[in-house]
file model-v3.txt (compact mmCIF, C-alpha atoms)
# COMPACT_ATOMS: atom_id res chain seq x y z
CA ASN A 1 -124.75 -44.07 95.17
CA ASN A 2 -121.49 -42.17 95.03
CA VAL A 3 -119.91 -41.53 98.41
CA ASN A 4 -117.64 -38.48 98.36
CA ASN A 5 -117.34 -37.91 102.09
CA THR A 6 -113.55 -37.96 102.11
CA ASN A 7 -113.44 -35.76 105.21
CA ILE A 8 -115.01 -38.35 107.50
CA ASN A 9 -113.44 -38.02 110.95
CA ILE A 10 -114.26 -40.65 113.51
CA THR A 11 -113.80 -39.38 117.04
CA GLU A 12 -114.11 -41.06 120.38
CA LYS A 13 -117.43 -41.17 122.24
CA PRO A 14 -117.27 -40.05 125.89
CA LYS A 15 -116.40 -42.85 128.31
CA THR A 16 -118.67 -43.86 131.14
CA PRO A 17 -117.13 -43.52 134.63
CA THR A 18 -116.49 -47.29 134.89
CA GLU A 19 -114.43 -47.48 131.69
CA ILE A 20 -110.62 -47.73 132.02
CA ASP A 21 -108.10 -47.14 129.23
CA LEU A 22 -105.97 -50.28 128.90
CA ALA A 23 -103.95 -49.50 125.79
CA SER A 24 -103.63 -47.11 122.90
CA PHE A 25 -101.59 -47.26 119.69
CA SER A 26 -101.35 -44.92 116.69
CA THR A 27 -99.87 -45.22 113.21
CA LYS A 28 -99.08 -42.26 110.98
CA ILE A 29 -100.78 -41.87 107.62
CA MET A 30 -97.72 -41.53 105.38
CA TYR A 31 -99.24 -40.10 102.21
CA LYS A 32 -102.43 -38.46 101.06
CA ASP A 33 -104.78 -40.71 99.12
CA THR A 34 -108.42 -39.70 99.53
CA ASN A 35 -109.71 -43.19 98.62
CA ARG A 36 -107.42 -44.82 101.19
CA GLN A 37 -108.40 -42.22 103.84
CA HIS A 38 -112.07 -42.84 103.08
CA ASN A 39 -111.64 -46.63 103.40
CA MET A 40 -109.80 -46.31 106.72
CA ALA A 41 -112.47 -43.99 108.15
CA LEU A 42 -115.20 -46.39 107.00
CA THR A 43 -113.44 -49.40 108.56
CA CYS A 44 -112.77 -47.51 111.80
CA SER A 45 -116.46 -46.65 112.02
CA LYS A 46 -117.37 -50.36 111.65
CA LEU A 47 -114.93 -51.35 114.44
CA ASN A 48 -115.60 -48.42 116.77
CA GLY A 49 -117.50 -49.54 119.87
CA THR A 50 -117.01 -53.29 119.25
CA ILE A 51 -117.45 -55.23 122.52
CA VAL A 52 -115.43 -58.40 123.22
CA LYS A 53 -116.62 -60.16 126.38
CA ALA A 54 -114.39 -62.31 128.61
CA GLY A 55 -113.71 -65.62 126.85
CA GLU A 56 -114.89 -64.38 123.45
CA SER A 57 -112.82 -64.11 120.29
CA PHE A 58 -112.63 -61.16 117.90
CA SER A 59 -112.23 -61.44 114.12
CA PHE A 60 -111.35 -58.32 112.12
CA CYS A 61 -112.79 -59.76 108.89
CA ASN A 62 -116.03 -60.96 110.50
CA THR A 63 -116.52 -57.59 112.21
CA VAL A 64 -115.72 -55.41 109.19
CA GLY A 65 -116.99 -57.74 106.45
CA LYS A 66 -115.88 -57.82 102.83
CA ALA A 67 -114.85 -54.48 101.30
CA THR A 68 -117.34 -53.86 98.47
CA LYS A 69 -118.41 -50.87 96.38
CA GLU A 70 -121.94 -51.33 97.76
CA LYS A 71 -120.60 -50.72 101.27
CA GLY A 72 -118.85 -47.56 100.07
CA TYR A 73 -115.28 -48.87 99.75
CA GLN A 74 -113.04 -47.36 97.09
CA GLU A 75 -109.94 -48.59 95.26
CA ALA A 76 -106.55 -47.85 96.82
CA ASP A 77 -103.14 -49.56 97.12
CA VAL A 78 -103.18 -53.18 98.35
CA TYR A 79 -100.50 -55.88 98.22
CA VAL A 80 -101.08 -58.99 96.12
CA ASP A 81 -98.19 -61.48 96.22
CA GLY A 82 -95.71 -58.74 97.11
CA GLU A 83 -96.87 -56.34 94.39
CA LYS A 84 -98.79 -53.11 94.94
CA LYS A 85 -102.10 -53.07 93.08
CA GLN A 86 -105.36 -51.16 93.31
CA GLY A 87 -108.07 -52.94 95.28
CA LEU A 88 -111.25 -52.22 97.21
CA GLY A 89 -110.53 -51.57 100.88
CA GLY A 90 -106.94 -50.38 100.45
CA GLY A 91 -105.97 -48.95 103.84
CA ASN A 92 -107.72 -51.63 105.90
CA CYS A 93 -104.38 -53.23 106.78
CA GLN A 94 -103.24 -50.02 108.46
CA VAL A 95 -106.38 -50.15 110.62
CA SER A 96 -105.84 -53.84 111.50
CA THR A 97 -102.13 -53.22 112.18
CA THR A 98 -102.96 -50.32 114.50
CA LEU A 99 -105.47 -52.46 116.39
CA TYR A 100 -103.02 -55.40 116.55
CA ASN A 101 -100.38 -53.24 118.23
CA ALA A 102 -102.89 -51.94 120.81
CA VAL A 103 -104.01 -55.53 121.53
CA LEU A 104 -100.35 -56.57 122.08
CA LYS A 105 -100.16 -54.10 125.00
CA VAL A 106 -102.97 -55.77 126.97
CA ASP A 107 -102.18 -58.76 129.19
CA GLY A 108 -104.71 -61.53 128.59
CA LEU A 109 -105.52 -60.71 124.98
CA GLU A 110 -104.17 -63.67 123.00
CA ILE A 111 -103.36 -63.33 119.29
CA ILE A 112 -104.99 -66.26 117.44
CA GLU A 113 -104.25 -65.21 113.84
CA ARG A 114 -101.99 -62.57 112.31
CA HIS A 115 -100.21 -62.28 108.97
CA GLU A 116 -97.34 -60.11 107.77
CA HIS A 117 -97.58 -58.22 104.48
CA SER A 118 -95.92 -59.64 101.39
CA GLY A 119 -94.28 -56.24 100.83
CA TYR A 120 -92.94 -53.26 102.80
CA VAL A 121 -95.49 -51.06 104.57
CA PRO A 122 -94.26 -47.60 105.66
CA TYR A 123 -96.49 -47.05 108.70
CA ILE A 124 -95.03 -49.72 111.02
CA GLU A 125 -91.72 -51.51 111.60
CA LYS A 126 -91.26 -54.91 109.97
CA GLY A 127 -92.88 -57.76 111.90
CA LYS A 128 -95.40 -55.51 113.67
CA ASP A 129 -98.01 -55.42 110.89
CA ALA A 130 -101.26 -57.36 110.57
CA ALA A 131 -102.36 -57.85 106.96
CA VAL A 132 -106.03 -58.62 106.34
CA ALA A 133 -107.79 -59.86 103.21
CA TYR A 134 -111.37 -61.06 103.56
CA GLY A 135 -111.57 -64.81 102.98
CA SER A 136 -107.82 -65.46 103.35
CA TYR A 137 -105.97 -63.32 105.93
CA ASP A 138 -107.64 -62.35 109.20
CA PHE A 139 -106.53 -60.71 112.42
CA LYS A 140 -108.04 -62.52 115.41
CA PHE A 141 -107.57 -62.40 119.15
CA LYS A 142 -109.20 -64.00 122.18
CA ASN A 143 -110.13 -62.11 125.33
CA ASN A 144 -108.62 -64.29 128.08
CA THR A 145 -109.12 -61.58 130.69
CA ASN A 146 -112.07 -61.76 133.08
CA LYS A 147 -113.28 -58.36 131.85
CA THR A 148 -115.32 -57.08 128.93
CA ILE A 149 -113.33 -54.83 126.60
CA LYS A 150 -114.37 -52.27 124.02
CA ILE A 151 -112.48 -51.26 120.89
CA ILE A 152 -112.35 -47.56 120.06
CA MET A 153 -110.98 -46.56 116.64
CA GLU A 154 -110.17 -43.04 115.51
CA CYS A 155 -109.21 -42.10 111.97
CA GLN A 156 -108.01 -38.56 111.50
CA GLU A 157 -106.13 -36.71 108.79
CA LYS A 158 -102.63 -37.66 109.96
CA ASP A 159 -103.06 -40.87 111.95
CA VAL A 160 -105.13 -43.87 112.96
CA THR A 161 -105.54 -44.70 116.66
CA ALA A 162 -106.81 -47.86 118.34
CA LYS A 163 -107.80 -47.86 121.99
CA ILE A 164 -108.69 -50.84 124.16
CA ILE A 165 -111.01 -49.94 127.03
CA GLU A 166 -112.05 -52.12 129.97
CA MET A 167 -115.73 -51.80 130.79
call {"tool": "encode", "arguments": {"input": "model-v3.txt", "output": "C-alpha cells"}}
result
Amino acid sequence: NNVNNTNINITEKPKTPTEIDLASFSTKIMYKDTNRQHNMALTCSKLNGTIVKAGESFSFCNTVGKATKEKGYQEADVYVDGEKKQGLGGGNCQVSTTLYNAVLKVDGLEIIERHEHSGYVPYIEKGKDAAVAYGSYDFKFKNNTNKTIKIIMECQEKDVTAKIIEM
C-alpha cells in the first residue's frame, strides 16, 4: 500500500487543566524532502502522547520501532559511518534530537543513552544531537521526577517541536 500523505501535520491535542508545560524545543527543517518530511511526521505521531511515569525509562527505538516500508517509512538521507546515504526512516534523528533537547530542559529527567552523528547535521549545533538507529543507537532517558510526564510532538512544514508536559 503506497502512502502518499506527504502533507501530514501532527498538531497538539488540547491539554487537561492539570497538565503543566515543563519544556519545549524546536528544530528547523532545513530543506524540502517529501520522504524525510513524511518520515518525521510518522515518527512524531508514534511518539505523540507517550506517557513516562515517575521512575520509568523511555527508549526512542522501543517506542517508535524499526523503520520499515510496511510501517510506511520512505527512503531519505541517513548517515552511515560519516557518509550520507539513502535509508528508511531518514529524518528520525531530527525528531530524536528535538526531543533530546526538550528533555535536557527538565530537572529530574536523566539521559541514559545518547549518540552524536558521524557527520554534520544542519538543524542543531554540534554536540546537541541525538542520533538513533534501531538495533544500535538509541536515545533513552529516565524519569527521576516524582511526576508523570507526557511527550507531545509536532511536525509541521518548517519545524519539529517536542514538548514535555507534567500530568
call {"tool": "atom_distance", "arguments": {"input": "model-v3.txt", "atom1": "CA of Thr97 (chain A)", "atom2": "CA of Ser57 (chain A)"}}
result
17.3 Å
call {"tool": "atom_distance", "arguments": {"input": "model-v3.txt", "atom1": "CA of Ser96 (chain A)", "atom2": "CA of Asp138 (chain A)"}}
result
9.0 Å
call {"tool": "atom_distance", "arguments": {"input": "model-v3.txt", "atom1": "CA of Cys93 (chain A)", "atom2": "CA of Val160 (chain A)"}}
result
11.2 Å
call {"tool": "residues_around", "arguments": {"input": "model-v3.txt", "residues": "region 140-142 of chain A", "least_positions_apart": "5", "cutoff": "10 Å", "atoms": "all atoms listed in the file", "output": "PyMOL selection string"}}
result
chain A and resi 52-62+96+100+103-104+108-114+130
call {"tool": "residues_around", "arguments": {"input": "model-v3.txt", "residues": "Gly49 (chain A)", "least_positions_apart": "6", "cutoff": "9 Å", "atoms": "all atoms listed in the file", "output": "list in words"}}
result
Lys13, Lys150, Ile151, Ile152 and Met153 of chain A
call {"tool": "closest_residue", "arguments": {"input": "model-v3.txt", "among": "A:Leu88, A:Ile20, A:Ile124, A:Ala41", "to": "Ala76 (chain A)", "atoms": "all atoms listed in the file"}}
result
A:Leu88
call {"tool": "residues_near_point", "arguments": {"input": "model-v3.txt", "point": "(-102.3, -64.5, 105.5)", "cutoff": "8 Å", "atoms": "all atoms listed in the file", "output": "VMD selection string"}}
result
chain A and resid 114 to 117 131 to 133 136 to 138
call {"tool": "residues_around", "arguments": {"input": "model-v3.txt", "residues": "Asp77 (chain A)", "least_positions_apart": "5", "cutoff": "8 Å", "atoms": "only C-alpha atoms", "output": "list of chain:residue names"}}
result
A:Arg36, A:Lys84, A:Lys85, A:Gln86, A:Gly87, A:Gly90, A:Gly91
call {"tool": "closest_residue", "arguments": {"input": "model-v3.txt", "among": "A:Thr18, A:Thr68, A:Gln156, A:Gln94", "to": "Val121 (chain A)", "atoms": "only C-alpha atoms"}}
result
A:Gln94
call {"tool": "residues_around", "arguments": {"input": "model-v3.txt", "residues": "Leu22 (chain A)", "least_positions_apart": "2", "cutoff": "8 Å", "atoms": "only C-alpha atoms", "output": "mmCIF file with C-alpha atoms, in the frame of the given file"}}
result
data_model
loop_
_atom_site.group_PDB
_atom_site.id
_atom_site.type_symbol
_atom_site.label_atom_id
_atom_site.label_comp_id
_atom_site.auth_asym_id
_atom_site.auth_seq_id
_atom_site.Cartn_x
_atom_site.Cartn_y
_atom_site.Cartn_z
ATOM 1 C CA ILE A 20 -110.620 -47.730 132.020
ATOM 2 C CA SER A 24 -103.630 -47.110 122.900
ATOM 3 C CA LYS A 105 -100.160 -54.100 125.000
ATOM 4 C CA VAL A 106 -102.970 -55.770 126.970
ATOM 5 C CA LYS A 163 -107.800 -47.860 121.990
ATOM 6 C CA ILE A 164 -108.690 -50.840 124.160
ATOM 7 C CA ILE A 165 -111.010 -49.940 127.030
ATOM 8 C CA GLU A 166 -112.050 -52.120 129.970
#
call {"tool": "axis_aligned_box", "arguments": {"input": "model-v3.txt", "around": "region 23-37 of chain A", "padding_each_side": "3 Å", "output": "lines of an AutoDock Vina configuration file"}}
result
center_x = -103.7
center_y = -44.0
center_z = 112.2
size_x = 18.0
size_y = 17.0
size_z = 33.2
